[in-house]
Structures are given as C-alpha cells and as structure tokens.
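Quick look at start38.cif (mmCIF, C-alpha atoms):
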```
data_work
loop_
_atom_site.label_atom_id
_atom_site.label_comp_id
_atom_site.auth_asym_id
_atom_site.auth_seq_id
_atom_site.Cartn_x
_atom_site.Cartn_y
_atom_site.Cartn_z
CA ILE S 1 8.10 -1.78 14.42
CA THR S 2 11.12 -3.87 15.34
CA PRO S 3 14.49 -4.11 13.59
CA SER S 4 14.33 -6.90 11.00
CA GLY S 5 11.09 -8.08 12.56
CA LEU S 6 12.91 -9.21 15.69
CA GLY S 7 10.43 -11.11 17.81
CA VAL S 8 7.62 -10.78 15.27
CA VAL S 9 9.16 -13.22 12.80
CA GLU S 10 9.81 -15.78 15.51
CA GLY S 11 6.32 -15.33 16.93
CA VAL S 12 4.73 -16.06 13.56
CA LEU S 13 7.14 -18.56 12.03
CA ILE S 14 7.15 -21.10 14.90
CA PRO S 15 3.36 -21.53 15.03
CA THR S 16 3.25 -21.66 11.23
CA LEU S 17 5.78 -24.48 11.13
CA VAL S 18 3.98 -26.31 13.94
CA GLY S 19 0.76 -25.88 11.94
CA PHE S 20 2.44 -27.74 9.09
CA HIS S 21 3.12 -30.69 11.45
CA VAL S 22 6.76 -29.90 12.26
CA PRO S 23 7.55 -30.96 15.86
CA LYS S 24 7.62 -27.92 18.15
CA ALA S 25 11.22 -28.48 19.33
CA THR S 26 12.42 -28.79 15.72
CA ALA S 27 10.53 -25.65 14.70
CA ILE S 28 12.06 -23.65 17.57
CA LEU S 29 15.56 -24.91 16.81
CA GLY S 30 15.11 -24.16 13.10
CA VAL S 31 13.85 -20.62 13.68
CA ILE S 32 16.58 -19.83 16.22
CA SER S 33 19.22 -21.19 13.82
CA TYR S 34 17.73 -19.15 10.98
CA ARG S 35 17.78 -15.99 13.09
CA LEU S 36 21.39 -16.53 14.19
CA ILE S 37 22.52 -16.94 10.60
CA ASN S 38 20.32 -14.20 9.14
CA PHE S 39 20.71 -11.57 11.87
CA TRP S 40 24.10 -12.10 13.55
CA LEU S 41 26.37 -13.65 10.89
CA PRO S 42 26.60 -10.46 8.78
CA ILE S 43 28.16 -8.55 11.69
CA PRO S 44 31.58 -10.31 11.67
CA ALA S 45 31.45 -10.46 7.86
CA GLY S 46 30.94 -6.67 7.80
CA ALA S 47 33.83 -6.14 10.22
CA ALA S 48 36.08 -8.26 8.01
CA ALA S 49 35.00 -6.25 4.94
CA TYR S 50 35.68 -2.99 6.80
CA ILE S 51 39.17 -4.13 7.79
CA SER S 52 39.92 -5.29 4.25
CA LEU S 53 39.02 -1.83 2.94
CA ARG S 54 40.89 0.14 5.61
CA VAL S 55 44.15 -1.83 5.68
CA PRO S 56 46.52 -1.77 2.71
CA ARG S 57 47.39 -5.14 1.19
CA GLY S 58 50.44 -6.74 2.77
CA SER S 59 50.59 -4.41 5.77
CA GLY S 60 50.33 -7.25 8.28
CA LEU S 61 48.27 -8.31 11.26
CA LYS S 62 49.22 -5.32 13.42
CA ALA S 63 47.61 -2.89 10.96
CA GLY S 64 44.46 -5.02 10.91
CA ARG S 65 44.24 -4.94 14.69
CA ARG S 66 44.74 -1.17 14.66
CA ALA S 67 41.92 -0.73 12.11
CA LEU S 68 39.63 -2.90 14.22
CA SER S 69 40.36 -0.90 17.37
CA ASP S 70 39.80 2.35 15.43
CA MET S 71 36.44 1.01 14.24
CA ALA S 72 35.43 0.19 17.82
CA ALA S 73 36.53 3.65 19.01
CA GLU S 74 34.46 5.31 16.26
CA ALA S 75 31.42 3.27 17.24
CA LYS S 76 31.68 4.42 20.88
CA ARG S 77 32.11 8.09 19.97
CA PRO S 78 28.87 10.13 19.73
CA ASP S 79 27.93 11.48 16.32
CA GLU S 80 29.69 14.73 15.62
CA ASP S 81 28.75 17.23 12.95
CA PRO S 82 31.95 17.91 10.96
CA ASP S 83 30.64 21.35 9.95
CA GLY S 84 29.89 22.49 13.46
CA PRO S 85 26.59 23.49 15.03
CA ALA S 86 25.51 25.72 12.12
CA GLY S 87 25.59 22.88 9.59
CA ARG S 88 26.42 23.12 5.93
CA ALA S 89 25.38 26.01 3.74
CA ASP S 90 24.35 23.94 0.72
#
```
Written as structure tokens, how would this file's structure read?
Amino acid sequence: ITPSGLGVVEGVLIPTLVGFHVPKATAILGVISYRLINFWLPIPAGAAAYISLRVPRGSGLKAGRRALSDMAAEAKRPDEDPDGPAGRAD
C-alpha cells in the first residue's frame, strides 16, 4: 500500500492512456502533470491556510513568518504525549 497510490497510479495510468492511442510522451507528461497538481499543490495551499488561521488579521508579514517558522519547528519535533507516559485516565 502506497500513499495516494504513489507509483501504482502512474504504472497503470500511462499504459492505459497509451492503450487508447495517446502518444507515450504525451501520456507521461500528462500523468506527471496530474500527479504534481494532485499530490504536491495542496501542500503550499495547506501552509497558507495554516498561517491564515494562526495569524490575526492585520498583524503583518512578520507575524506570518513567525507562524511559518513555528509550524516548521513543530513538524521537526517528535510527537510528545501532553499527559505524560501514563496517558489520560478517560
């Protein structure tokens, strides 16, 4: 199982398009373009949404940069259990 069918989709979609008489170079370019848009474009859009939620309106570019650096620092930090090693007593 791969994330979002990475590799599997490309391996099936290109031969399928070629089977429908699309030139091989066009099929490869189309599938690569599709994957770039479908798989990678949401990442900067998600970062922009995160910043828009974390930074108060009108606070300026410096606050946006600070929120972005905080987001990167949180991503590098290992997961920590806020309730300690014992966990919650729900």
Report task. For range 21-33 of chain S, please output as a PyMOL selection string all residues within 12 Å (counting only C-alpha atoms; exclusion window: fewer than 2 positions along the same chain). Result -> chain S and resi 6-19+35-41
Keeping only C-alpha atoms, write the selected residues as a CSV table (one decimal), keeping the file's coordinate frame.
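The resulting file, part_32.csv, is reproduced below:
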```csv
chain,number,residue,atom,x,y,z
S,6,LEU,CA,12.9,-9.2,15.7
S,7,GLY,CA,10.4,-11.1,17.8
S,8,VAL,CA,7.6,-10.8,15.3
S,9,VAL,CA,9.2,-13.2,12.8
S,10,GLU,CA,9.8,-15.8,15.5
S,11,GLY,CA,6.3,-15.3,16.9
S,12,VAL,CA,4.7,-16.1,13.6
S,13,LEU,CA,7.1,-18.6,12.0
S,14,ILE,CA,7.2,-21.1,14.9
S,15,PRO,CA,3.4,-21.5,15.0
S,16,THR,CA,3.2,-21.7,11.2
S,17,LEU,CA,5.8,-24.5,11.1
S,18,VAL,CA,4.0,-26.3,13.9
S,19,GLY,CA,0.8,-25.9,11.9
S,35,ARG,CA,17.8,-16.0,13.1
S,36,LEU,CA,21.4,-16.5,14.2
S,37,ILE,CA,22.5,-16.9,10.6
S,38,ASN,CA,20.3,-14.2,9.1
S,39,PHE,CA,20.7,-11.6,11.9
S,40,TRP,CA,24.1,-12.1,13.6
S,41,LEU,CA,26.4,-13.6,10.9
```
**Report entry** Straight-line distance linking CA of Arg77 in chain S with CA of Gly58 in chain S, stated in Å to one decimal
**Finding:** 29.2 Å
Query - Radius query 12 Å about (45.6, 0.8, 7.4), atoms used: only C-alpha atoms, as an NGL selection string - result: :S and (50-71)
Query raised in the report: Using only C-alpha atoms, which of S:Phe20, S:Pro42, S:Gly5, S:Ala47 sits nearest Ala72 in chain S?
Result: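 With only C-alpha atoms as the atom set, the closest residue is S:Ala47.
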